[in-house]
>>> print(open('upload.cif').read())   # mmCIF, C-alpha atoms and all ligand atoms
data_final
loop_
_atom_site.label_atom_id
_atom_site.label_comp_id
_atom_site.auth_asym_id
_atom_site.auth_seq_id
_atom_site.Cartn_x
_atom_site.Cartn_y
_atom_site.Cartn_z
CA MET Z 1 13.69 -42.55 49.72
CA SER Z 2 14.11 -45.87 47.90
CA ARG Z 3 17.41 -47.57 47.23
CA GLY Z 4 16.99 -46.62 43.53
CA ASP Z 5 16.67 -42.94 44.49
CA ASP Z 6 19.77 -43.24 46.68
CA THR Z 7 21.73 -44.73 43.79
CA ALA Z 8 20.57 -42.02 41.36
CA THR Z 9 21.43 -39.26 43.87
CA GLY Z 10 24.84 -40.81 44.44
CA MET Z 11 25.47 -41.01 40.70
CA VAL Z 12 24.55 -37.32 40.21
CA ALA Z 13 26.93 -36.38 43.03
CA GLN Z 14 29.73 -38.39 41.39
CA VAL Z 15 29.14 -36.75 38.01
CA VAL Z 16 29.09 -33.29 39.67
CA ALA Z 17 32.37 -34.03 41.47
CA ALA Z 18 34.01 -35.28 38.26
CA VAL Z 19 32.82 -32.27 36.26
CA ARG Z 20 34.12 -29.87 38.90
CA ARG Z 21 37.57 -31.47 38.85
CA GLY Z 22 38.09 -29.67 35.52
CA ALA Z 23 39.63 -26.22 36.12
CA ALA Z 24 37.10 -24.50 33.85
CA TYR Z 25 34.15 -25.85 35.86
CA ARG Z 26 35.44 -25.60 39.46
CA ASP Z 27 34.18 -22.11 40.05
CA LEU Z 28 30.70 -22.65 38.58
CA ASP Z 29 27.57 -22.43 40.71
CA ALA Z 30 27.16 -25.90 42.25
CA GLY Z 31 23.38 -25.87 41.82
CA LEU Z 32 23.69 -25.32 38.07
CA VAL Z 33 26.25 -28.12 37.68
CA HIS Z 34 23.99 -30.42 39.69
CA ARG Z 35 20.94 -29.52 37.59
CA VAL Z 36 22.74 -30.16 34.30
CA ALA Z 37 24.31 -33.42 35.55
CA ALA Z 38 20.92 -34.73 36.72
CA ALA Z 39 19.36 -33.84 33.35
CA GLU Z 40 22.13 -35.61 31.42
CA LEU Z 41 21.91 -38.74 33.59
CA GLY Z 42 18.14 -38.59 33.18
CA LYS Z 43 18.68 -39.13 29.45
CA GLY Z 44 20.01 -42.59 30.29
CA ARG Z 45 23.70 -41.76 29.82
CA GLY Z 46 26.38 -43.68 31.68
CA PHE Z 47 28.88 -41.99 34.02
CA LYS Z 48 31.55 -41.03 31.48
CA ALA Z 49 29.08 -39.86 28.85
CA ALA Z 50 27.17 -37.84 31.47
CA VAL Z 51 30.37 -36.08 32.62
CA LYS Z 52 31.22 -35.21 29.01
CA ALA Z 53 27.70 -34.04 28.14
CA THR Z 54 27.45 -31.97 31.35
CA ARG Z 55 30.73 -30.23 30.58
CA ASN Z 56 29.67 -29.60 26.99
CA LYS Z 57 26.38 -28.06 28.04
CA LEU Z 58 28.01 -25.88 30.71
CA HIS Z 59 30.56 -24.73 28.16
CA GLN Z 60 27.81 -23.82 25.67
CA VAL Z 61 25.79 -21.75 28.16
CA ALA Z 62 28.61 -20.10 30.10
CA GLY Z 63 32.24 -21.03 29.39
CA ALA Z 64 32.17 -20.33 25.66
CA TYR Z 65 31.75 -16.57 26.22
CA TRP Z 66 35.14 -16.16 27.88
CA GLY Z 67 38.40 -15.48 26.06
CA ALA Z 68 41.42 -17.73 26.51
CA ARG Z 69 42.71 -15.95 29.61
CA VAL Z 70 40.55 -14.94 32.52
CA GLU Z 71 42.77 -12.97 34.88
CA PHE Z 72 40.61 -11.20 37.42
CA ASP Z 73 43.51 -10.14 39.67
CA ALA Z 74 45.48 -8.61 36.80
CA TRP Z 75 42.34 -6.92 35.43
CA LEU Z 76 41.55 -5.41 38.80
CA ALA Z 77 45.16 -4.24 39.22
CA ALA Z 78 45.00 -2.53 35.80
CA LEU Z 79 41.86 -0.70 36.82
CA VAL Z 80 43.19 0.36 40.19
CA ALA Z 81 46.39 1.65 38.57
CA ALA Z 82 44.56 3.62 35.86
CA PRO Z 83 44.22 7.36 36.42
CA GLU Z 84 40.58 8.51 36.54
CA GLU Z 85 40.67 9.85 32.97
CA GLU Z 86 41.86 6.48 31.60
CA ARG Z 87 39.44 4.29 33.53
CA ARG Z 88 36.85 4.07 30.76
CA ALA Z 89 39.49 2.94 28.27
CA VAL Z 90 40.58 0.16 30.64
CA LEU Z 91 36.96 -0.84 31.23
CA ARG Z 92 36.48 -1.10 27.46
CA THR Z 93 39.47 -3.47 27.23
CA LEU Z 94 37.96 -5.59 30.00
CA LEU Z 95 34.46 -5.60 28.47
CA ALA Z 96 36.10 -7.19 25.42
CA GLN Z 97 37.11 -10.24 27.50
CA HIS Z 98 33.57 -11.67 27.39
CA ALA Z 99 32.01 -12.26 23.96
CA SER Z 100 28.69 -10.78 24.90
CA THR Z 101 29.97 -7.40 26.06
CA ARG Z 102 32.62 -7.38 23.31
CA GLU Z 103 29.78 -7.41 20.80
CA ARG Z 104 28.06 -4.47 22.56
CA LEU Z 105 31.23 -2.34 22.78
CA PRO Z 106 30.80 -0.44 19.49
CA PHE Z 107 27.52 1.02 20.75
CA VAL Z 108 27.84 0.79 24.53
CA GLU Z 109 27.73 4.60 24.92
CA SER Z 110 24.41 4.98 23.17
CA PHE Z 111 22.96 1.68 24.45
CA TYR Z 112 22.14 2.71 28.01
CA ALA Z 113 21.41 6.34 27.13
CA THR Z 114 18.85 5.15 24.57
CA VAL Z 115 17.26 2.39 26.61
CA LEU Z 116 17.28 3.95 30.10
CA GLY Z 117 18.21 7.61 29.63
CA ASP Z 118 14.71 9.01 30.17
CA LEU Z 119 14.33 7.40 33.62
CA PRO Z 120 15.29 9.16 36.86
CA PRO Z 121 18.83 8.16 37.95
CA ILE Z 122 18.62 4.49 38.91
CA ARG Z 123 19.22 3.76 42.61
CA THR Z 124 18.98 -0.04 42.50
CA LEU Z 125 19.64 -2.25 39.51
CA VAL Z 126 19.76 -6.02 39.15
CA ASP Z 127 21.77 -7.42 36.26
CA LEU Z 128 20.79 -11.06 35.70
CA ALA Z 129 23.17 -13.48 33.96
CA CYS Z 130 25.37 -10.39 33.89
CA GLY Z 131 28.63 -11.63 32.37
CA LEU Z 132 31.01 -8.65 32.49
CA ASN Z 133 28.24 -6.16 31.74
CA PRO Z 134 28.52 -4.46 35.20
CA LEU Z 135 31.84 -3.06 33.93
CA ALA Z 136 29.72 -0.82 31.70
CA TRP Z 137 28.50 1.10 34.77
CA PRO Z 138 30.02 4.45 33.69
CA TRP Z 139 27.71 4.44 30.66
CA MET Z 140 24.57 3.66 32.68
CA PRO Z 141 22.31 6.39 34.14
CA LEU Z 142 22.95 5.32 37.74
CA ALA Z 143 22.51 7.53 40.83
CA PRO Z 144 25.71 8.13 42.84
CA GLY Z 145 26.13 5.25 45.30
CA ALA Z 146 23.55 3.11 43.50
CA VAL Z 147 23.18 -0.52 44.56
CA TYR Z 148 24.18 -2.87 41.73
CA HIS Z 149 23.13 -6.52 42.07
CA ALA Z 150 25.22 -8.48 39.56
CA LEU Z 151 24.37 -12.17 39.29
CA ASP Z 152 25.88 -14.92 37.16
CA VAL Z 153 27.18 -18.43 37.75
CA TYR Z 154 30.90 -17.94 38.58
CA GLY Z 155 32.13 -17.25 42.12
CA GLN Z 156 35.41 -15.50 41.26
CA GLN Z 157 33.66 -13.31 38.71
CA ALA Z 158 31.37 -12.08 41.50
CA VAL Z 159 34.31 -11.24 43.78
CA PHE Z 160 35.93 -9.30 40.94
CA LEU Z 161 32.72 -7.42 40.06
CA ASN Z 162 32.16 -6.33 43.66
CA ARG Z 163 35.65 -4.81 43.74
CA VAL Z 164 35.19 -3.06 40.41
CA LEU Z 165 31.79 -1.66 41.37
CA ALA Z 166 33.27 -0.31 44.61
CA LEU Z 167 35.90 1.54 42.54
CA GLY Z 168 33.01 3.29 40.81
CA GLY Z 169 31.56 4.43 44.14
CA LEU Z 170 28.69 1.94 43.75
CA VAL Z 171 27.45 -0.61 46.26
CA GLY Z 172 28.27 -3.92 44.57
CA ARG Z 173 26.09 -6.86 45.45
CA ALA Z 174 27.54 -9.41 43.06
CA GLY Z 175 27.01 -13.10 43.70
CA THR Z 176 26.18 -16.37 42.02
CA TRP Z 177 22.60 -17.17 41.10
CA ASP Z 178 21.29 -19.92 38.84
CA LEU Z 179 18.29 -18.41 37.05
CA LEU Z 180 16.99 -21.90 36.26
CA ALA Z 181 16.03 -21.98 39.95
CA GLY Z 182 13.91 -18.85 39.43
CA ALA Z 183 14.46 -15.11 39.84
CA PRO Z 184 16.59 -14.03 42.80
CA PRO Z 185 14.90 -12.54 45.89
CA VAL Z 186 15.99 -9.01 45.02
CA CYS Z 187 13.86 -5.89 44.44
CA ALA Z 188 15.24 -3.23 42.11
CA GLU Z 189 14.05 -0.24 40.10
CA VAL Z 190 15.47 -1.74 36.92
CA ALA Z 191 16.32 -5.32 35.96
CA LEU Z 192 18.55 -6.27 33.03
CA LEU Z 193 18.14 -9.67 31.37
CA LEU Z 194 20.46 -9.13 28.44
CA LYS Z 195 21.00 -11.83 25.80
CA ALA Z 196 20.40 -14.50 28.44
CA ILE Z 197 17.10 -16.07 27.38
CA PRO Z 198 18.56 -18.19 24.53
CA CYS Z 199 21.15 -19.63 26.97
CA LEU Z 200 18.58 -20.40 29.62
CA GLU Z 201 16.23 -21.97 27.09
CA GLN Z 202 18.90 -24.50 26.20
CA LEU Z 203 18.15 -26.05 29.59
CA ASP Z 204 14.52 -25.04 30.13
CA LYS Z 205 12.38 -24.24 27.10
CA GLY Z 206 9.55 -22.64 29.06
CA ILE Z 207 11.62 -20.42 31.34
CA ALA Z 208 11.24 -16.96 29.77
CA GLY Z 209 7.69 -15.98 30.79
CA ARG Z 210 7.95 -17.50 34.24
CA LEU Z 211 11.26 -15.77 34.91
CA VAL Z 212 10.23 -12.31 33.70
CA ASP Z 213 7.01 -12.56 35.74
CA GLU Z 214 9.04 -13.39 38.86
CA ILE Z 215 11.55 -10.54 38.54
CA ALA Z 216 10.76 -7.94 41.20
CA ALA Z 217 11.31 -4.75 39.20
CA PRO Z 218 8.88 -2.35 37.50
CA VAL Z 219 11.22 -1.93 34.51
CA VAL Z 220 12.79 -5.02 32.92
CA VAL Z 221 15.09 -4.79 29.91
CA VAL Z 222 15.15 -8.02 27.92
CA SER Z 223 17.43 -8.43 24.93
CA TYR Z 224 18.33 -11.03 22.33
CA PRO Z 225 21.57 -11.52 20.39
CA LEU Z 226 21.38 -10.96 16.66
CA ARG Z 227 24.44 -13.07 15.99
CA SER Z 228 25.39 -16.51 17.30
CA LEU Z 229 28.78 -17.07 18.98
CA GLY Z 230 29.86 -18.63 15.70
CA GLY Z 231 28.91 -15.43 13.84
CA ARG Z 232 25.72 -16.62 12.10
CA ALA Z 233 22.96 -14.00 11.98
CA LYS Z 234 20.42 -15.28 9.48
CA GLY Z 235 16.80 -14.91 10.60
CA MET Z 236 17.66 -14.24 14.23
CA ALA Z 237 15.95 -10.84 14.42
CA GLU Z 238 12.66 -12.18 13.03
CA SER Z 239 12.76 -15.30 15.13
CA TYR Z 240 13.52 -13.47 18.41
CA ALA Z 241 10.96 -10.76 17.64
CA ARG Z 242 8.39 -13.56 17.37
CA HIS Z 243 9.70 -15.03 20.62
CA PHE Z 244 9.20 -11.73 22.42
CA ASP Z 245 5.77 -11.10 20.88
CA ALA Z 246 4.63 -14.49 22.19
CA LEU Z 247 6.05 -13.61 25.61
CA ALA Z 248 4.28 -10.25 25.73
CA ALA Z 249 0.95 -11.56 24.44
CA GLY Z 250 -1.65 -11.46 27.20
CA ARG Z 251 0.64 -9.62 29.62
CA ALA Z 252 -0.22 -6.05 30.64
CA TRP Z 253 3.15 -4.57 29.73
CA ARG Z 254 4.10 -1.29 28.11
CA VAL Z 255 6.83 -2.27 25.69
CA THR Z 256 9.40 -0.20 23.81
CA ARG Z 257 11.57 -1.86 21.18
CA PHE Z 258 15.11 -0.74 20.33
CA ASP Z 259 17.17 -2.15 17.46
CA PHE Z 260 20.94 -2.11 17.85
CA PRO Z 261 23.38 -3.55 15.29
CA THR Z 262 23.86 -6.88 17.09
CA GLU Z 263 21.14 -6.80 19.73
CA LEU Z 264 17.35 -6.60 19.78
CA VAL Z 265 16.16 -4.89 22.97
CA TYR Z 266 12.77 -4.56 24.65
CA ARG Z 267 12.04 -2.35 27.63
CA ILE Z 268 9.10 -3.64 29.61
CA GLU Z 269 7.26 -1.39 32.07
CA ARG Z 270 4.56 -2.80 34.31
C1 LIG I 1 25.07 -14.28 26.34
S1 LIG I 1 25.79 -14.07 27.88
C2 LIG I 1 25.06 -12.54 28.38
C3 LIG I 1 25.90 -11.78 29.37
C4 LIG I 1 25.38 -10.38 29.72
N1 LIG I 1 24.01 -10.41 30.16
C5 LIG I 1 25.52 -9.46 28.52
O1 LIG I 1 24.53 -9.27 27.80
O2 LIG I 1 26.61 -8.97 28.30
C6 LIG I 1 24.92 -15.23 28.85
C7 LIG I 1 25.31 -15.24 30.31
O3 LIG I 1 24.41 -16.12 31.01
C8 LIG I 1 25.13 -16.75 32.05
N2 LIG I 1 24.35 -17.93 32.43
C9 LIG I 1 24.23 -19.10 31.75
N3 LIG I 1 23.40 -19.93 32.40
C10 LIG I 1 22.97 -19.26 33.51
C11 LIG I 1 22.09 -19.60 34.57
N4 LIG I 1 21.48 -20.76 34.61
N5 LIG I 1 21.86 -18.67 35.53
C12 LIG I 1 22.48 -17.47 35.49
N6 LIG I 1 23.33 -17.09 34.50
C13 LIG I 1 23.56 -17.98 33.53
C14 LIG I 1 26.49 -17.02 31.44
O4 LIG I 1 27.47 -17.26 32.39
C15 LIG I 1 26.70 -15.74 30.62
O5 LIG I 1 27.39 -14.78 31.36
#
>>> encode(input="upload.cif", output="structure tokens")
Amino acid sequence: MSRGDDTATGMVAQVVAAVRRGAAYRDLDAGLVHRVAAAELGKGRGFKAAVKATRNKLHQVAGAYWGARVEFDAWLAALVAAPEEERRAVLRTLLAQHASTRERLPFVESFYATVLGDLPPIRTLVDLACGLNPLAWPWMPLAPGAVYHALDVYGQQAVFLNRVLALGGLVGRAGTWDLLAGAPPVCAEVALLLKAIPCLEQLDKGIAGRLVDEIAAPVVVVSYPLRSLGGRAKGMAESYARHFDALAAGRAWRVTRFDFPTELVYRIER
């Protein structure tokens, strides 16, 4: 390694450390922070500008989905205290704490029944860039005691999800995984990659095909948002339908399309 490489590596480490001093970034997957910091420094930015740009990018792809208060301990306590018949209502309240699942709430009951209802009860599922979606487990056609791999980029979120999944009698395997590093080494009957591709493409334009090819599951559900976080919707359905058609072209997939009010969904079987 040359002295120049050493200096660049040291600079990335300093930017990563500075970014992670902010409370909102401390719990993020270190590999993702490192990747974004290196990319921002690679654009020729100085230290301060690289810290700011790294935080902005991480906020856009992950932080912006959360509400003002993220209170995993209180959320878990509310769930534990809820009698069985009220658990779904509490889960609905919690699903509303992340913008992506909040948007799906009005049709969460029909979503999984429509997209996965004809499959045998699912024994292993991997939910990639999952957000709080694992909290929708009661609406999914899962086998009793199913193994639920829930992967995203926040450590405390993973701890919380494992506890919640255990409450549902499921085997929670939540953890952090940066999908920009590739698909995780997990085999499952069904993989969910819901509304994640636009986020991932902000950092790697060519990721979608490579990632879906790498996912070790015979059924992969890929979806796209039909509204931006800011509420704009114009042209998104057409543009993402074209995105998926390009992805599927030349791949031997059986594809079923489902149109929900704020989400365009494709089930891939291969
Ligand atoms: C639009 S949300 C979708 C959440 C969930 N799949 C759903 O549909 O409810 C995008 C998610 O991607 C996660 N994310 C962003 N970059 C990621 C990365 N490089 N690897 C894994 N997850 C990532 C964010 O933390 C966020 O939870």
>>> closest_residue(input="upload.cif", among="Z:Phe258, Z:Trp137, Z:Trp253, Z:Tyr65", to="ligand LIG 1 (chain I)", atoms="all atoms listed in the file")
Z:Tyr65
>>> atom_distance(input="upload.cif", atom1="CA of Gly182 (chain Z)", atom2="CA of Arg163 (chain Z)")
26.2 Å
>>> residues_around(input="upload.cif", residues="Lys205 (chain Z)", least_positions_apart="6", cutoff="12 Å", atoms="all atoms listed in the file", output="list in words")
Leu180, Ile197, Pro198, Cys199, Leu211 and His243 of chain Z
>>> residues_around(input="upload.cif", residues="Ala181 (chain Z)", least_positions_apart="2", cutoff="10 Å", atoms="only C-alpha atoms", output="compact mmCIF listing (two decimals) with C-alpha atoms, in the coordinates of the input")
# COMPACT_ATOMS: atom_id res chain seq x y z
CA GLY Z 31 23.38 -25.87 41.82
CA LEU Z 32 23.69 -25.32 38.07
CA ARG Z 35 20.94 -29.52 37.59
CA TRP Z 177 22.60 -17.17 41.10
CA ASP Z 178 21.29 -19.92 38.84
CA LEU Z 179 18.29 -18.41 37.05
CA ALA Z 183 14.46 -15.11 39.84
CA PRO Z 184 16.59 -14.03 42.80
CA ILE Z 207 11.62 -20.42 31.34
CA LEU Z 211 11.26 -15.77 34.91
>>> residues_around(input="upload.cif", residues="Met140 (chain Z)", least_positions_apart="3", cutoff="12 Å", atoms="only C-alpha atoms", output="JSON, numbers by chain")
{"Z": [108, 109, 110, 111, 112, 113, 114, 115, 116, 117, 118, 119, 120, 121, 122, 123, 124, 125, 127, 133, 134, 135, 136, 137, 143, 144, 146, 148, 168, 170, 190, 192]}
>>> residues_near_ligand(input="upload.cif", ligand="ligand LIG 1 (chain I)", cutoff="9 Å", atoms="only C-alpha atoms and all ligand atoms", output="VMD selection string")
chain Z and resid 28 to 29 32 58 60 to 66 95 98 to 104 127 to 134 151 to 154 176 to 182 192 to 200 202 to 203 223 to 225 229
>>> residues_around(input="upload.cif", residues="Glu84 (chain Z)", least_positions_apart="6", cutoff="12 Å", atoms="all atoms listed in the file", output="JSON list (two decimals) with C-alpha atoms, in the frame of the given file")
[["chain", "number", "residue", "atom", "x", "y", "z"],
["Z", 78, "ALA", "CA", 45.00, -2.53, 35.80],
["Z", 90, "VAL", "CA", 40.58, 0.16, 30.64],
["Z", 91, "LEU", "CA", 36.96, -0.84, 31.23],
["Z", 138, "PRO", "CA", 30.02, 4.45, 33.69],
["Z", 167, "LEU", "CA", 35.90, 1.54, 42.54],
["Z", 168, "GLY", "CA", 33.01, 3.29, 40.81]]
>>> closest_residue(input="upload.cif", among="Z:Ala8, Z:Val212, Z:Ala241, Z:Val159", to="Glu40 (chain Z)", atoms="all atoms listed in the file")
Z:Ala8
>>> atom_distance(input="upload.cif", atom1="CA of Leu41 (chain Z)", atom2="CA of Ala18 (chain Z)")
13.4 Å
>>> atom_distance(input="upload.cif", atom1="CA of Val51 (chain Z)", atom2="CA of Val19 (chain Z)")
5.8 Å
>>> closest_residue(input="upload.cif", among="Z:Arg26, Z:Lys48, Z:His149, Z:Arg69", to="Leu94 (chain Z)", atoms="all atoms listed in the file")
Z:Arg69
>>> closest_residue(input="upload.cif", among="Z:Phe107, Z:Phe160, Z:Phe47, Z:Phe244", to="Phe72 (chain Z)", atoms="all atoms listed in the file")
Z:Phe160
>>> closest_residue(input="upload.cif", among="Z:Val221, Z:Val16, Z:Ala74, Z:Ala248", to="Val36 (chain Z)", atoms="all atoms listed in the file")
Z:Val16
>>> closest_residue(input="upload.cif", among="Z:His34, Z:Arg55, Z:Arg232, Z:Arg270", to="Ala216 (chain Z)", atoms="all atoms listed in the file")
Z:Arg270
>>> build_atoms(input="upload.cif", residues="region 46-73 of chain Z", atoms="N, CA and C atoms", output="PDB file, in the coordinates of the input")
ATOM      1  N   GLY Z  46      25.508 -43.108  30.657  1.00  0.00           N
ATOM      2  CA  GLY Z  46      26.380 -43.680  31.680  1.00  0.00           C
ATOM      3  C   GLY Z  46      27.256 -42.579  32.278  1.00  0.00           C
ATOM      4  N   PHE Z  47      28.089 -42.975  33.278  1.00  0.00           N
ATOM      5  CA  PHE Z  47      28.880 -41.990  34.020  1.00  0.00           C
ATOM      6  C   PHE Z  47      29.766 -41.118  33.113  1.00  0.00           C
ATOM      7  N   LYS Z  48      30.579 -41.781  32.289  1.00  0.00           N
ATOM      8  CA  LYS Z  48      31.550 -41.030  31.480  1.00  0.00           C
ATOM      9  C   LYS Z  48      30.849 -40.099  30.480  1.00  0.00           C
ATOM     10  N   ALA Z  49      29.807 -40.656  29.844  1.00  0.00           N
ATOM     11  CA  ALA Z  49      29.080 -39.860  28.850  1.00  0.00           C
ATOM     12  C   ALA Z  49      28.367 -38.698  29.529  1.00  0.00           C
ATOM     13  N   ALA Z  50      27.877 -38.923  30.754  1.00  0.00           N
ATOM     14  CA  ALA Z  50      27.170 -37.840  31.470  1.00  0.00           C
ATOM     15  C   ALA Z  50      28.144 -36.728  31.867  1.00  0.00           C
ATOM     16  N   VAL Z  51      29.353 -37.102  32.268  1.00  0.00           N
ATOM     17  CA  VAL Z  51      30.370 -36.080  32.620  1.00  0.00           C
ATOM     18  C   VAL Z  51      30.675 -35.238  31.386  1.00  0.00           C
ATOM     19  N   LYS Z  52      30.864 -35.915  30.253  1.00  0.00           N
ATOM     20  CA  LYS Z  52      31.220 -35.210  29.010  1.00  0.00           C
ATOM     21  C   LYS Z  52      30.070 -34.296  28.571  1.00  0.00           C
ATOM     22  N   ALA Z  53      28.855 -34.827  28.597  1.00  0.00           N
ATOM     23  CA  ALA Z  53      27.700 -34.040  28.140  1.00  0.00           C
ATOM     24  C   ALA Z  53      27.442 -32.862  29.075  1.00  0.00           C
ATOM     25  N   THR Z  54      27.650 -33.065  30.375  1.00  0.00           N
ATOM     26  CA  THR Z  54      27.450 -31.970  31.350  1.00  0.00           C
ATOM     27  C   THR Z  54      28.460 -30.857  31.077  1.00  0.00           C
ATOM     28  N   ARG Z  55      29.707 -31.256  30.872  1.00  0.00           N
ATOM     29  CA  ARG Z  55      30.730 -30.230  30.580  1.00  0.00           C
ATOM     30  C   ARG Z  55      30.408 -29.491  29.277  1.00  0.00           C
ATOM     31  N   ASN Z  56      29.993 -30.240  28.270  1.00  0.00           N
ATOM     32  CA  ASN Z  56      29.670 -29.600  26.990  1.00  0.00           C
ATOM     33  C   ASN Z  56      28.561 -28.566  27.156  1.00  0.00           C
ATOM     34  N   LYS Z  57      27.526 -28.957  27.865  1.00  0.00           N
ATOM     35  CA  LYS Z  57      26.380 -28.060  28.040  1.00  0.00           C
ATOM     36  C   LYS Z  57      26.795 -26.817  28.832  1.00  0.00           C
ATOM     37  N   LEU Z  58      27.568 -27.024  29.896  1.00  0.00           N
ATOM     38  CA  LEU Z  58      28.010 -25.880  30.710  1.00  0.00           C
ATOM     39  C   LEU Z  58      28.918 -24.957  29.896  1.00  0.00           C
ATOM     40  N   HIS Z  59      29.710 -25.555  29.028  1.00  0.00           N
ATOM     41  CA  HIS Z  59      30.560 -24.730  28.160  1.00  0.00           C
ATOM     42  C   HIS Z  59      29.683 -23.899  27.223  1.00  0.00           C
ATOM     43  N   GLN Z  60      28.698 -24.543  26.609  1.00  0.00           N
ATOM     44  CA  GLN Z  60      27.810 -23.820  25.670  1.00  0.00           C
ATOM     45  C   GLN Z  60      27.112 -22.635  26.319  1.00  0.00           C
ATOM     46  N   VAL Z  61      26.612 -22.813  27.560  1.00  0.00           N
ATOM     47  CA  VAL Z  61      25.790 -21.750  28.160  1.00  0.00           C
ATOM     48  C   VAL Z  61      26.615 -20.730  28.937  1.00  0.00           C
ATOM     49  N   ALA Z  62      27.845 -21.045  29.273  1.00  0.00           N
ATOM     50  CA  ALA Z  62      28.610 -20.100  30.100  1.00  0.00           C
ATOM     51  C   ALA Z  62      30.080 -19.979  29.676  1.00  0.00           C
ATOM     52  N   GLY Z  63      30.795 -21.088  29.624  1.00  0.00           N
ATOM     53  CA  GLY Z  63      32.240 -21.030  29.390  1.00  0.00           C
ATOM     54  C   GLY Z  63      32.631 -20.456  28.042  1.00  0.00           C
ATOM     55  N   ALA Z  64      31.798 -20.700  27.031  1.00  0.00           N
ATOM     56  CA  ALA Z  64      32.170 -20.330  25.660  1.00  0.00           C
ATOM     57  C   ALA Z  64      32.277 -18.808  25.466  1.00  0.00           C
ATOM     58  N   TYR Z  65      31.724 -18.034  26.383  1.00  0.00           N
ATOM     59  CA  TYR Z  65      31.750 -16.570  26.220  1.00  0.00           C
ATOM     60  C   TYR Z  65      33.083 -15.952  26.616  1.00  0.00           C
ATOM     61  N   TRP Z  66      33.876 -16.713  27.387  1.00  0.00           N
ATOM     62  CA  TRP Z  66      35.140 -16.160  27.880  1.00  0.00           C
ATOM     63  C   TRP Z  66      36.254 -16.308  26.860  1.00  0.00           C
ATOM     64  N   GLY Z  67      37.196 -15.370  26.882  1.00  0.00           N
ATOM     65  CA  GLY Z  67      38.400 -15.480  26.060  1.00  0.00           C
ATOM     66  C   GLY Z  67      39.334 -16.513  26.678  1.00  0.00           C
ATOM     67  N   ALA Z  68      40.506 -16.678  26.075  1.00  0.00           N
ATOM     68  CA  ALA Z  68      41.420 -17.730  26.510  1.00  0.00           C
ATOM     69  C   ALA Z  68      41.943 -17.488  27.928  1.00  0.00           C
ATOM     70  N   ARG Z  69      42.124 -16.236  28.294  1.00  0.00           N
ATOM     71  CA  ARG Z  69      42.710 -15.950  29.610  1.00  0.00           C
ATOM     72  C   ARG Z  69      41.750 -15.126  30.447  1.00  0.00           C
ATOM     73  N   VAL Z  70      41.407 -15.669  31.584  1.00  0.00           N
ATOM     74  CA  VAL Z  70      40.550 -14.940  32.520  1.00  0.00           C
ATOM     75  C   VAL Z  70      41.428 -14.626  33.726  1.00  0.00           C
ATOM     76  N   GLU Z  71      41.768 -13.342  33.883  1.00  0.00           N
ATOM     77  CA  GLU Z  71      42.770 -12.970  34.880  1.00  0.00           C
ATOM     78  C   GLU Z  71      42.232 -11.850  35.765  1.00  0.00           C
ATOM     79  N   PHE Z  72      41.304 -12.223  36.638  1.00  0.00           N
ATOM     80  CA  PHE Z  72      40.610 -11.200  37.420  1.00  0.00           C
ATOM     81  C   PHE Z  72      41.573 -10.325  38.230  1.00  0.00           C
ATOM     82  N   ASP Z  73      42.608 -10.939  38.822  1.00  0.00           N
ATOM     83  CA  ASP Z  73      43.510 -10.140  39.670  1.00  0.00           C
ATOM     84  C   ASP Z  73      44.256  -9.099  38.832  1.00  0.00           C
TER      85      ASP Z  73
END
